[in-house]
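*Asks:* Sharing target11.csv, CSV, C-alpha atoms:
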```csv
chain,number,residue,atom,x,y,z
V,1,MET,CA,0.0,0.0,0.0
V,2,PRO,CA,1.6,3.2,-1.1
V,3,GLN,CA,-0.1,5.2,1.7
V,4,LEU,CA,2.0,3.4,4.3
V,5,ASP,CA,5.3,4.5,2.9
V,6,PRO,CA,6.7,7.1,5.4
V,7,ALA,CA,8.5,8.9,2.6
V,8,VAL,CA,5.1,10.3,1.3
V,9,PHE,CA,4.0,11.7,4.7
V,10,LEU,CA,5.9,14.9,5.0
V,11,PRO,CA,5.5,16.4,1.5
V,12,GLN,CA,1.7,15.7,1.7
V,13,ILE,CA,1.3,17.1,5.2
V,14,PHE,CA,3.4,20.2,4.3
V,15,TRP,CA,1.4,21.0,1.2
V,16,LEU,CA,-1.9,20.1,3.0
V,17,PHE,CA,-1.2,22.8,5.6
V,18,VAL,CA,-0.1,25.4,3.0
V,19,ILE,CA,-3.0,24.8,0.7
V,20,PHE,CA,-5.7,24.3,3.4
V,21,GLY,CA,-4.4,27.5,5.0
V,22,LEU,CA,-4.9,29.2,1.7
V,23,ILE,CA,-8.5,28.1,1.2
V,24,TYR,CA,-9.3,28.8,4.9
V,25,LEU,CA,-8.1,32.4,4.5
V,26,PHE,CA,-10.0,32.7,1.3
V,27,ILE,CA,-13.2,31.4,2.8
V,28,ALA,CA,-12.9,33.1,6.2
V,29,HIS,CA,-12.1,36.5,4.8
V,30,SER,CA,-13.7,36.6,1.4
V,31,ALA,CA,-16.3,33.9,0.5
V,32,ALA,CA,-18.1,33.4,3.8
V,33,PRO,CA,-18.5,37.1,4.6
V,34,ARG,CA,-19.8,37.7,1.1
V,35,ILE,CA,-22.4,34.9,1.5
V,36,THR,CA,-23.3,36.2,4.9
V,37,GLN,CA,-23.8,39.6,3.5
V,38,VAL,CA,-26.0,38.4,0.7
V,39,LEU,CA,-28.1,36.3,3.0
V,40,GLU,CA,-28.5,39.1,5.6
V,41,LYS,CA,-29.4,41.5,2.8
V,42,ARG,CA,-32.1,39.1,1.6
V,43,GLN,CA,-33.4,38.5,5.2
V,44,ALA,CA,-33.5,42.3,5.8
V,45,ARG,CA,-35.4,42.8,2.5
V,46,ILE,CA,-37.9,40.0,3.3
V,47,SER,CA,-38.6,41.3,6.8
V,48,SER,CA,-38.9,44.9,5.6
V,49,ASP,CA,-41.3,43.8,2.9
V,50,LEU,CA,-43.3,41.8,5.4
V,51,GLU,CA,-43.3,44.8,7.7
V,52,GLU,CA,-44.5,47.1,4.9
V,53,ALA,CA,-47.2,44.6,4.0
V,54,SER,CA,-48.5,44.4,7.5
V,55,SER,CA,-48.4,48.2,7.9
V,56,LEU,CA,-50.3,48.6,4.6
V,57,GLN,CA,-52.8,46.0,5.8
V,58,ALA,CA,-53.3,47.9,9.0
V,59,GLU,CA,-53.8,51.1,7.0
V,60,ALA,CA,-56.4,49.4,4.9
V,61,GLU,CA,-58.1,48.0,8.0
V,62,ALA,CA,-58.2,51.5,9.5
V,63,ALA,CA,-59.6,52.9,6.3
V,64,ARG,CA,-62.3,50.3,6.3
V,65,VAL,CA,-63.2,51.0,9.9
V,66,SER,CA,-63.4,54.7,9.3
V,67,HIS,CA,-65.4,54.2,6.2
V,68,GLU,CA,-67.9,52.0,8.1
V,69,LYS,CA,-68.0,54.6,10.9
V,70,ALA,CA,-68.7,57.4,8.5
V,71,LEU,CA,-71.4,55.2,6.9
V,72,GLU,CA,-73.0,54.5,10.3
V,73,GLU,CA,-72.8,58.2,11.2
V,74,ALA,CA,-74.5,59.2,8.0
V,75,ARG,CA,-77.2,56.7,8.5
V,76,ILE,CA,-77.8,57.9,12.1
V,77,LYS,CA,-77.8,61.5,10.8
V,78,ALA,CA,-80.3,60.7,8.0
V,79,THR,CA,-82.6,58.9,10.4
V,80,SER,CA,-82.6,61.8,12.9
V,81,THR,CA,-83.2,64.3,10.1
V,82,ILE,CA,-86.1,62.2,8.9
V,83,THR,CA,-87.5,61.9,12.4
V,84,ALA,CA,-87.1,65.7,13.0
V,85,LYS,CA,-88.8,66.5,9.7
V,86,ARG,CA,-91.6,64.1,10.4
V,87,GLU,CA,-92.1,65.6,13.9
V,88,ALA,CA,-92.0,69.2,12.5
V,89,ILE,CA,-94.6,68.3,9.8
V,90,LYS,CA,-96.8,66.6,12.3
V,91,SER,CA,-96.7,69.5,14.7
V,92,ASP,CA,-97.4,71.9,11.8
V,93,VAL,CA,-100.4,69.9,10.7
V,94,GLU,CA,-101.7,69.6,14.3
V,95,ALA,CA,-101.3,73.4,14.8
V,96,GLU,CA,-103.1,74.1,11.6
V,97,TYR,CA,-105.8,71.6,12.4
V,98,ALA,CA,-106.3,73.2,15.8
V,99,GLN,CA,-106.4,76.7,14.3
V,100,LEU,CA,-108.9,75.6,11.7
V,101,THR,CA,-111.1,73.8,14.3
V,102,GLU,CA,-111.0,77.0,16.5
V,103,LYS,CA,-111.9,79.2,13.6
V,104,LEU,CA,-114.7,76.9,12.4
V,105,GLY,CA,-116.0,76.7,16.0
V,106,ALA,CA,-116.1,80.4,16.3
V,107,GLU,CA,-117.9,80.8,13.0
V,108,PHE,CA,-120.3,78.1,14.0
V,109,ALA,CA,-121.0,79.8,17.3
V,110,SER,CA,-121.5,83.2,15.7
V,111,ALA,CA,-123.8,81.6,13.1
V,112,GLU,CA,-125.8,80.0,15.9
V,113,VAL,CA,-126.2,83.3,17.7
V,114,LYS,CA,-127.3,84.9,14.5
V,115,ILE,CA,-129.8,82.1,13.8
V,116,ILE,CA,-131.3,82.4,17.4
V,117,ALA,CA,-131.5,86.2,17.0
V,118,ALA,CA,-133.2,85.9,13.7
V,119,LYS,CA,-135.6,83.3,15.2
V,120,ASP,CA,-136.4,85.5,18.2
V,121,LYS,CA,-137.0,88.4,15.9
V,122,ALA,CA,-139.3,86.4,13.7
V,123,LEU,CA,-141.2,85.1,16.8
V,124,ASP,CA,-141.5,88.7,18.1
V,125,GLU,CA,-142.9,89.8,14.8
V,126,ILE,CA,-145.3,86.8,14.8
V,127,ARG,CA,-146.4,87.7,18.3
V,128,VAL,CA,-147.0,91.4,17.5
V,129,MET,CA,-149.0,90.3,14.5
V,130,SER,CA,-150.8,87.6,16.5
V,131,VAL,CA,-152.0,90.2,19.1
V,132,ASP,CA,-153.7,92.2,16.3
V,133,ILE,CA,-155.1,89.0,14.7
V,134,CYS,CA,-156.5,87.6,18.0
V,135,LYS,CA,-158.1,90.9,18.9
V,136,GLU,CA,-159.8,91.2,15.6
V,137,ILE,CA,-160.9,87.5,15.7
V,138,ILE,CA,-162.4,88.0,19.1
V,139,GLN,CA,-164.1,91.2,18.1
V,140,SER,CA,-165.6,89.6,15.0
V,141,VAL,CA,-166.7,86.5,16.8
V,142,SER,CA,-168.0,88.0,20.2
V,143,GLY,CA,-168.2,91.6,19.5
V,144,LEU,CA,-166.0,92.3,22.5
V,145,ASP,CA,-163.6,95.1,22.0
V,146,LEU,CA,-160.8,93.9,24.4
V,147,ASP,CA,-158.1,96.2,25.5
V,148,LYS,CA,-155.0,95.5,23.3
V,149,LYS,CA,-152.9,95.3,26.4
V,150,ILE,CA,-154.7,92.4,27.8
V,151,VAL,CA,-154.6,90.5,24.6
V,152,ALA,CA,-150.9,91.1,24.3
V,153,GLU,CA,-150.3,89.8,27.8
V,154,ARG,CA,-152.2,86.5,27.1
V,155,VAL,CA,-150.6,86.0,23.7
V,156,SER,CA,-147.2,86.7,25.2
V,157,ALA,CA,-147.7,84.1,27.9
V,158,LYS,CA,-148.8,81.5,25.3
V,159,PHE,CA,-145.8,82.5,23.1
V,160,GLU,CA,-143.4,82.0,25.9
V,161,ALA,CA,-144.6,78.5,26.4
V,162,VAL,CA,-144.4,77.7,22.7
V,163,LYS,CA,-141.0,79.4,22.5
V,164,ASP,CA,-139.8,77.3,25.5
V,165,ASN,CA,-141.0,74.2,23.7
V,166,ALA,CA,-139.3,75.1,20.5
V,167,ASN,CA,-136.0,76.0,22.1
V,168,GLY,CA,-136.1,73.3,24.7
P,1,MET,CA,-1.9,-4.7,-15.7
P,2,ALA,CA,-1.4,-2.2,-12.9
P,3,SER,CA,-2.3,-3.2,-9.4
P,4,PRO,CA,-5.6,-1.8,-8.1
P,5,LEU,CA,-3.4,0.1,-5.5
P,6,ALA,CA,-1.3,1.8,-8.1
P,7,GLN,CA,-3.7,4.6,-8.3
P,8,PHE,CA,-2.7,5.7,-4.8
P,9,GLU,CA,1.0,6.0,-5.8
P,10,ILE,CA,2.6,9.4,-5.0
P,11,LYS,CA,4.5,10.8,-7.9
P,12,THR,CA,6.9,13.7,-7.3
P,13,LEU,CA,6.3,16.4,-9.8
P,14,ILE,CA,8.6,19.1,-8.6
P,15,PRO,CA,11.4,17.8,-6.2
P,16,LEU,CA,11.9,20.2,-3.3
P,17,GLN,CA,14.2,19.9,-0.3
P,18,VAL,CA,14.3,22.4,2.5
P,19,ALA,CA,16.8,22.0,5.4
P,20,GLY,CA,17.1,18.3,4.5
P,21,TYR,CA,13.3,17.8,4.6
P,22,ASP,CA,11.5,16.5,1.5
P,23,ILE,CA,8.6,18.8,0.7
P,24,SER,CA,8.4,18.0,-3.0
P,25,PHE,CA,5.3,19.1,-4.9
P,26,THR,CA,3.6,15.8,-5.7
P,27,ASN,CA,0.4,14.7,-7.6
P,28,SER,CA,-1.3,14.8,-4.1
P,29,ALA,CA,-0.3,18.5,-3.7
P,30,LEU,CA,-1.4,19.1,-7.3
P,31,PHE,CA,-4.9,17.8,-6.5
P,32,MET,CA,-5.0,19.8,-3.3
P,33,ALA,CA,-4.3,22.9,-5.4
P,34,ILE,CA,-7.0,21.8,-8.0
P,35,THR,CA,-9.5,21.3,-5.2
P,36,VAL,CA,-8.8,24.7,-3.7
P,37,ALA,CA,-9.0,26.3,-7.2
P,38,ALA,CA,-12.3,24.6,-7.8
P,39,ILE,CA,-13.7,25.8,-4.5
P,40,MET,CA,-12.6,29.3,-5.2
P,41,PHE,CA,-14.1,29.2,-8.7
P,42,PHE,CA,-17.4,27.6,-7.3
P,43,MET,CA,-17.8,30.3,-4.7
P,44,THR,CA,-16.5,33.4,-6.5
P,45,VAL,CA,-18.4,32.8,-9.7
P,46,GLY,CA,-21.5,31.6,-7.8
P,47,MET,CA,-21.6,34.7,-5.6
P,48,ARG,CA,-20.4,37.2,-8.2
P,49,LYS,CA,-23.8,38.9,-8.5
P,50,GLY,CA,-24.9,38.4,-4.9
P,51,ALA,CA,-28.4,38.5,-6.3
P,52,LEU,CA,-31.4,39.1,-4.0
P,53,VAL,CA,-33.1,36.2,-5.8
P,54,PRO,CA,-30.4,33.7,-6.3
P,55,GLY,CA,-29.8,31.8,-9.6
P,56,ARG,CA,-29.0,28.1,-9.6
P,57,TRP,CA,-25.3,28.4,-9.1
P,58,GLN,CA,-25.6,31.0,-6.3
P,59,LEU,CA,-28.3,28.8,-4.7
P,60,CYS,CA,-25.8,25.9,-4.6
P,61,VAL,CA,-23.2,28.0,-2.8
P,62,GLU,CA,-25.8,29.3,-0.4
P,63,MET,CA,-27.1,25.8,0.3
P,64,CYS,CA,-23.6,24.6,1.2
P,65,TYR,CA,-23.2,27.5,3.4
P,66,GLU,CA,-26.6,27.2,5.2
P,67,PHE,CA,-26.2,23.4,5.4
P,68,ILE,CA,-23.0,23.7,7.4
P,69,ALA,CA,-24.2,26.8,9.3
P,70,ASN,CA,-27.3,24.9,10.5
P,71,MET,CA,-25.4,21.8,11.3
P,72,LEU,CA,-22.9,23.7,13.4
P,73,HIS,CA,-25.7,25.6,15.2
P,74,ASP,CA,-27.7,22.4,15.8
P,75,THR,CA,-24.8,20.3,17.1
P,76,ALA,CA,-22.5,22.8,18.8
P,77,GLY,CA,-24.8,25.7,19.6
P,78,ARG,CA,-24.7,29.5,19.2
P,79,ASP,CA,-21.2,30.1,20.7
P,80,ALA,CA,-19.6,27.8,18.1
P,81,ARG,CA,-20.4,30.4,15.4
P,82,LYS,CA,-16.9,31.8,15.3
P,83,TYR,CA,-15.5,28.4,14.2
P,84,PHE,CA,-17.9,28.3,11.3
P,85,PRO,CA,-15.3,29.4,8.6
P,86,PHE,CA,-13.1,26.5,9.7
P,87,ILE,CA,-15.8,23.8,9.6
P,88,PHE,CA,-17.1,25.2,6.3
P,89,THR,CA,-13.6,25.1,4.8
P,90,LEU,CA,-13.1,21.6,6.1
P,91,PHE,CA,-16.4,20.3,4.6
P,92,MET,CA,-15.9,22.0,1.2
P,93,PHE,CA,-12.2,20.9,1.1
P,94,ILE,CA,-13.0,17.2,1.8
P,95,LEU,CA,-16.2,17.3,-0.4
P,96,PHE,CA,-14.4,18.7,-3.4
P,97,ALA,CA,-11.4,16.5,-2.9
P,98,ASN,CA,-13.6,13.4,-2.8
P,99,LEU,CA,-15.6,14.4,-5.8
P,100,ILE,CA,-12.6,15.5,-8.0
P,101,GLY,CA,-11.0,12.2,-7.0
P,102,MET,CA,-13.9,10.4,-8.7
P,103,THR,CA,-12.7,11.7,-12.1
P,104,PRO,CA,-11.9,8.6,-14.2
P,105,TYR,CA,-8.2,8.0,-15.4
P,106,PHE,CA,-7.1,11.5,-14.3
P,107,GLY,CA,-8.4,11.7,-10.8
P,108,PHE,CA,-6.3,11.3,-7.7
P,109,THR,CA,-7.9,11.3,-4.2
P,110,PHE,CA,-5.6,12.7,-1.6
P,111,THR,CA,-8.2,11.9,1.1
P,112,SER,CA,-7.3,8.2,0.5
P,113,HIS,CA,-4.0,8.9,2.1
P,114,ILE,CA,-3.8,8.3,5.8
P,115,ALA,CA,-1.1,10.9,6.2
P,116,VAL,CA,-3.5,13.6,4.9
P,117,THR,CA,-6.6,12.5,6.8
P,118,PHE,CA,-4.7,11.9,10.0
P,119,ALA,CA,-3.1,15.4,9.7
P,120,MET,CA,-6.6,16.9,9.4
P,121,ALA,CA,-8.0,14.8,12.2
P,122,SER,CA,-5.1,15.6,14.5
P,123,PHE,CA,-5.4,19.3,13.8
P,124,VAL,CA,-9.1,19.1,14.7
P,125,PHE,CA,-8.4,17.0,17.8
P,126,ILE,CA,-5.6,19.3,19.1
P,127,GLY,CA,-7.5,22.4,18.2
P,128,VAL,CA,-10.7,21.2,20.0
P,129,THR,CA,-8.6,20.2,23.1
P,130,ILE,CA,-7.0,23.6,23.2
P,131,ILE,CA,-10.4,25.3,22.9
P,132,GLY,CA,-11.7,23.1,25.7
P,133,PHE,CA,-8.8,23.9,28.1
P,134,ALA,CA,-8.9,27.6,27.2
P,135,LYS,CA,-12.6,27.8,28.0
P,136,HIS,CA,-12.8,25.6,31.1
P,137,GLY,CA,-9.3,25.2,32.4
P,138,PHE,CA,-8.9,22.1,34.5
P,139,LYS,CA,-12.7,21.6,34.6
P,140,PHE,CA,-12.1,20.3,31.1
P,141,PHE,CA,-11.2,16.9,32.7
P,142,LYS,CA,-14.9,16.6,33.8
P,143,LEU,CA,-15.4,15.5,30.2
P,144,PHE,CA,-13.8,12.1,31.2
P,145,VAL,CA,-16.1,11.7,34.3
P,146,PRO,CA,-19.5,10.5,33.2
P,147,ALA,CA,-22.2,12.2,35.3
P,148,GLY,CA,-24.2,10.0,37.7
P,149,ALA,CA,-22.0,7.0,37.5
P,150,PRO,CA,-21.3,5.0,40.7
P,151,LEU,CA,-18.1,6.0,42.4
P,152,ALA,CA,-16.7,2.4,42.5
P,153,LEU,CA,-16.8,2.2,38.7
P,154,MET,CA,-15.2,5.7,38.3
P,155,PRO,CA,-11.5,4.5,37.7
P,156,LEU,CA,-12.6,2.2,35.0
P,157,LEU,CA,-15.0,4.7,33.4
P,158,VAL,CA,-12.4,7.4,33.4
P,159,VAL,CA,-9.9,5.2,31.6
P,160,ILE,CA,-12.6,4.2,29.1
P,161,GLU,CA,-13.5,7.8,28.4
P,162,LEU,CA,-9.9,8.8,28.1
P,163,VAL,CA,-9.1,6.1,25.6
P,164,SER,CA,-12.2,6.9,23.6
P,165,TYR,CA,-11.3,10.6,23.6
P,166,LEU,CA,-7.7,9.8,22.5
P,167,SER,CA,-8.8,7.5,19.8
P,168,ARG,CA,-10.9,10.2,18.2
P,169,PRO,CA,-8.3,11.4,15.7
P,170,ILE,CA,-7.6,7.8,14.7
P,171,SER,CA,-11.3,6.9,14.1
P,172,LEU,CA,-11.9,10.2,12.4
P,173,SER,CA,-9.0,9.8,10.0
P,174,VAL,CA,-9.3,6.1,9.4
P,175,ARG,CA,-13.0,6.4,8.6
P,176,LEU,CA,-12.4,8.8,5.7
P,177,PHE,CA,-9.2,7.1,4.5
P,178,ALA,CA,-10.7,3.6,4.6
P,179,ASN,CA,-13.9,4.6,2.8
P,180,MET,CA,-11.9,6.3,0.0
P,181,VAL,CA,-9.4,3.5,-0.4
P,182,ALA,CA,-12.1,0.8,-0.4
P,183,GLY,CA,-14.3,2.5,-2.9
P,184,HIS,CA,-11.5,3.4,-5.4
P,185,THR,CA,-9.9,-0.1,-5.0
P,186,MET,CA,-13.2,-1.8,-5.7
P,187,LEU,CA,-13.8,0.4,-8.8
P,188,LYS,CA,-10.3,-0.5,-10.1
P,189,VAL,CA,-10.7,-4.2,-9.4
P,190,PHE,CA,-14.0,-4.4,-11.3
P,191,GLY,CA,-12.6,-2.2,-14.0
P,192,GLY,CA,-9.9,-4.9,-14.5
P,193,PHE,CA,-12.7,-7.5,-14.8
P,194,VAL,CA,-14.3,-5.5,-17.6
P,195,VAL,CA,-11.2,-5.9,-19.7
P,196,ALA,CA,-10.5,-9.5,-18.7
P,197,LEU,CA,-14.0,-10.8,-19.4
P,198,GLY,CA,-14.2,-9.5,-23.0
P,199,ALA,CA,-17.9,-9.5,-24.2
P,200,LEU,CA,-19.1,-10.6,-20.8
P,201,GLY,CA,-17.5,-7.5,-19.4
P,202,VAL,CA,-20.8,-5.7,-19.6
P,203,VAL,CA,-21.8,-7.3,-16.3
P,204,PRO,CA,-18.9,-5.8,-14.2
P,205,PHE,CA,-19.3,-2.6,-16.3
P,206,ALA,CA,-22.9,-2.3,-15.2
P,207,PHE,CA,-21.7,-2.9,-11.7
P,208,ILE,CA,-19.2,-0.2,-12.0
P,209,VAL,CA,-21.8,2.3,-13.1
P,210,ALA,CA,-23.9,1.5,-10.0
P,211,LEU,CA,-20.8,1.6,-7.8
P,212,THR,CA,-19.8,5.0,-9.2
P,213,GLY,CA,-23.2,6.3,-8.0
P,214,LEU,CA,-22.6,4.8,-4.6
P,215,GLU,CA,-19.1,6.3,-4.5
P,216,LEU,CA,-20.4,9.7,-5.3
P,217,LEU,CA,-22.8,9.3,-2.3
P,218,VAL,CA,-19.9,8.1,-0.1
P,219,ALA,CA,-17.8,11.1,-1.2
P,220,CYS,CA,-20.5,13.5,0.0
P,221,LEU,CA,-21.4,11.5,3.0
P,222,GLN,CA,-17.8,11.2,4.3
P,223,ALA,CA,-17.3,14.9,4.0
P,224,TYR,CA,-20.5,15.4,6.0
P,225,VAL,CA,-19.5,12.8,8.6
P,226,PHE,CA,-16.1,14.5,9.0
P,227,ALA,CA,-17.7,17.9,9.4
P,228,ILE,CA,-20.4,16.8,11.8
P,229,LEU,CA,-18.0,14.8,14.0
P,230,THR,CA,-15.8,17.9,14.2
P,231,CYS,CA,-18.9,19.9,15.3
P,232,MET,CA,-19.7,17.3,18.0
P,233,TYR,CA,-16.1,17.4,19.3
P,234,LEU,CA,-16.3,21.1,19.4
P,235,ASN,CA,-19.6,20.9,21.3
P,236,ASP,CA,-18.0,18.6,23.9
P,237,ALA,CA,-15.1,21.1,24.3
P,238,LEU,CA,-17.4,24.1,24.6
P,239,HIS,CA,-20.1,22.6,26.8
P,240,LEU,CA,-18.6,19.5,28.4
P,241,HIS,CA,-21.5,17.2,27.6
```
Once you've parsed the file, please lay out its structure as structure tokens.
*Replies:*
Amino acid sequence: MPQLDPAVFLPQIFWLFVIFGLIYLFIAHSAAPRITQVLEKRQARISSDLEEASSLQAEAEAARVSHEKALEEARIKATSTITAKREAIKSDVEAEYAQLTEKLGAEFASAEVKIIAAKDKALDEIRVMSVDICKEIIQSVSGLDLDKKIVAERVSAKFEAVKDNANG
Amino acid sequence: MASPLAQFEIKTLIPLQVAGYDISFTNSALFMAITVAAIMFFMTVGMRKGALVPGRWQLCVEMCYEFIANMLHDTAGRDARKYFPFIFTLFMFILFANLIGMTPYFGFTFTSHIAVTFAMASFVFIGVTIIGFAKHGFKFFKLFVPAGAPLALMPLLVVIELVSYLSRPISLSVRLFANMVAGHTMLKVFGGFVVALGALGVVPFAFIVALTGLELLVACLQAYVFAILTCMYLNDALHLH
């Protein structure tokens, strides 16, 4: 076995240390730091991208929440406006209705008064006329010429009774 | 026909003597240089853009890096981070040496030399022991005292632990060396059968094809095993079990 020849030991070991030392220096001072740098750069990029993505997501979420809030506020505002308007219209209508009722009531009352007055006047005229008619009827039937005053008293008494019946 | 072991022959390319010591540049040293050049090429070209989204080549380099970084972190913990360049270099060096050694005709596998693997294992062993002493001082000897063992058995257990600790460089180096020698010898033996059997040679040839796949696996696996055992030894030295 050529490996066991002691003559081949020293030259191999010498060159092993020289050449291994060379590649160790190359890797330790050039290649490995280069790879480390590239990997760290990539890791930094990935984490910064992830961070940016999550901050954008949070922003979008905030926008969504504020949008929903605005929508809700608008809805509440619209509802309250509608309610207020409805109340206002309702109170307007009620006020107008009350006013109208009052006006109509007053008119009605005044008309009633007028009617009663007209009726009384008509009854008075009828009574005056009735006194003359009664006096003449009595004169023509019995020949008695009654005092007009007495006839008027009797007719008025009868009239009051009729009037009470009519109005009662 | 050449012996199946002839492929492990060391050939001096540039004879060199310093102070009476032979440090000739051999085919073994040439393949070490090729391995290192290949690693430099692999990493430099792979990372030349340092792209945010890696291409295929860059991804390969990064996968090697992350594979070893995760392995070191998982087996030896966070404070072993500063030894990462060494473990990474060790893994890439053995991996590329084993894979380049698989090249037919031309390839020479210097990890099939016990001198090389033992030098690496000894370096790891001595380095790890120094780290252990530097970090824990004499408490480092606790490593040889299993926790919770009965006192009467202690002398025996300490001896066993000590022997197992001292045999680490041997097991570490022989594992890699033996795997490489066995695989390459087997390939060569069956390669000889292909020629010797003539038309029937297709049978050993098919076997060689399968065996080459297996050897590629072994090449990667042994680099991984060497690296992870180094991480475990480092973990022992840093955390004393």
*Asks:* Please report the interatomic distance between CA of Thr89 in chain P and CA of Thr109 in chain P in Å with one decimal.
*Replies:*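 Going from CA of Thr89 in chain P over to CA of Thr109 in chain P, I get 17.4 Å.
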*Asks:* Which residue out of P:Ala69, P:Leu156, P:Met186, P:Ala80 has the minimum interatomic distance to Ile131 in chain P when all atoms listed in the file are used?
*Replies:*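 Of P:Ala69, P:Leu156, P:Met186, P:Ala80, the one nearest Ile131 in chain P, counting all atoms listed in the file, is P:Ala80.
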*Asks:* Using all atoms listed in the file, tabulate the residues of chain P lying at most 7 Å from any atom of chain V, each with its closest atom pair and that distance in Å to one decimal, by chain and increasing residue number, as a tab-separated table.
*Replies:*
```
residue	atom	partner	partner_atom	distance
P:Leu5	CA	V:Met1	CA	6.5
P:Phe8	CA	V:Pro2	CA	6.2
P:Glu9	CA	V:Pro2	CA	5.5
P:Ile10	CA	V:Val8	CA	6.8
P:Asp22	CA	V:Pro11	CA	6.0
P:Ile23	CA	V:Pro11	CA	4.0
P:Ser24	CA	V:Pro11	CA	5.6
P:Phe25	CA	V:Pro11	CA	6.9
P:Ser28	CA	V:Gln12	CA	6.6
P:Ala29	CA	V:Trp15	CA	5.8
P:Met32	CA	V:Ile19	CA	6.7
P:Ala33	CA	V:Ile19	CA	6.5
P:Val36	CA	V:Ile23	CA	6.0
P:Met43	CA	V:Ala31	CA	6.5
P:Gly50	CA	V:Val38	CA	5.7
P:Leu52	CA	V:Arg42	CA	5.6
P:Glu62	CA	V:Ile35	CA	6.8
P:Pro85	CA	V:Ala28	CA	5.0
P:Phe86	CA	V:Tyr24	CA	6.5
P:Thr89	CA	V:Tyr24	CA	5.7
P:His113	CA	V:Gln3	CA	5.4
P:Ile114	CA	V:Gln3	CA	6.3
P:Ala115	CA	V:Phe9	CA	5.4
P:Val116	CA	V:Ile13	CA	5.9
P:Ala119	CA	V:Ile13	CA	6.5
```
*Asks:* One number please: CA of Met71 in chain P to CA of Ile228 in chain P, in Å, one decimal.
*Replies:*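 Going from CA of Met71 in chain P over to CA of Ile228 in chain P, I get 7.1 Å.
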*Asks:* In Å, with one decimal, what is the gap from CA of Ala63 in chain V to CA of Ala44 in chain V?
*Replies:*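 Atom-to-atom, CA of Ala63 in chain V and CA of Ala44 in chain V are spaced 28.2 Å apart.
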*Asks:* I'd like the neighbourhood of Ile208 in chain P as a PyMOL selection string, where a residue qualifies if any of its atoms comes within 9 Å (using all atoms listed in the file), though same-chain residues fewer than 4 positions away should be ignored.
*Replies:* chain P and resi 186-187+190-191+203-204+212-213
*Asks:* Which is closest to Val174 in chain P among P:Leu216, P:Phe133, P:Phe226, P:Ile126, if we use only C-alpha atoms?
*Replies:*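 Nearest to Val174 in chain P: P:Phe226.
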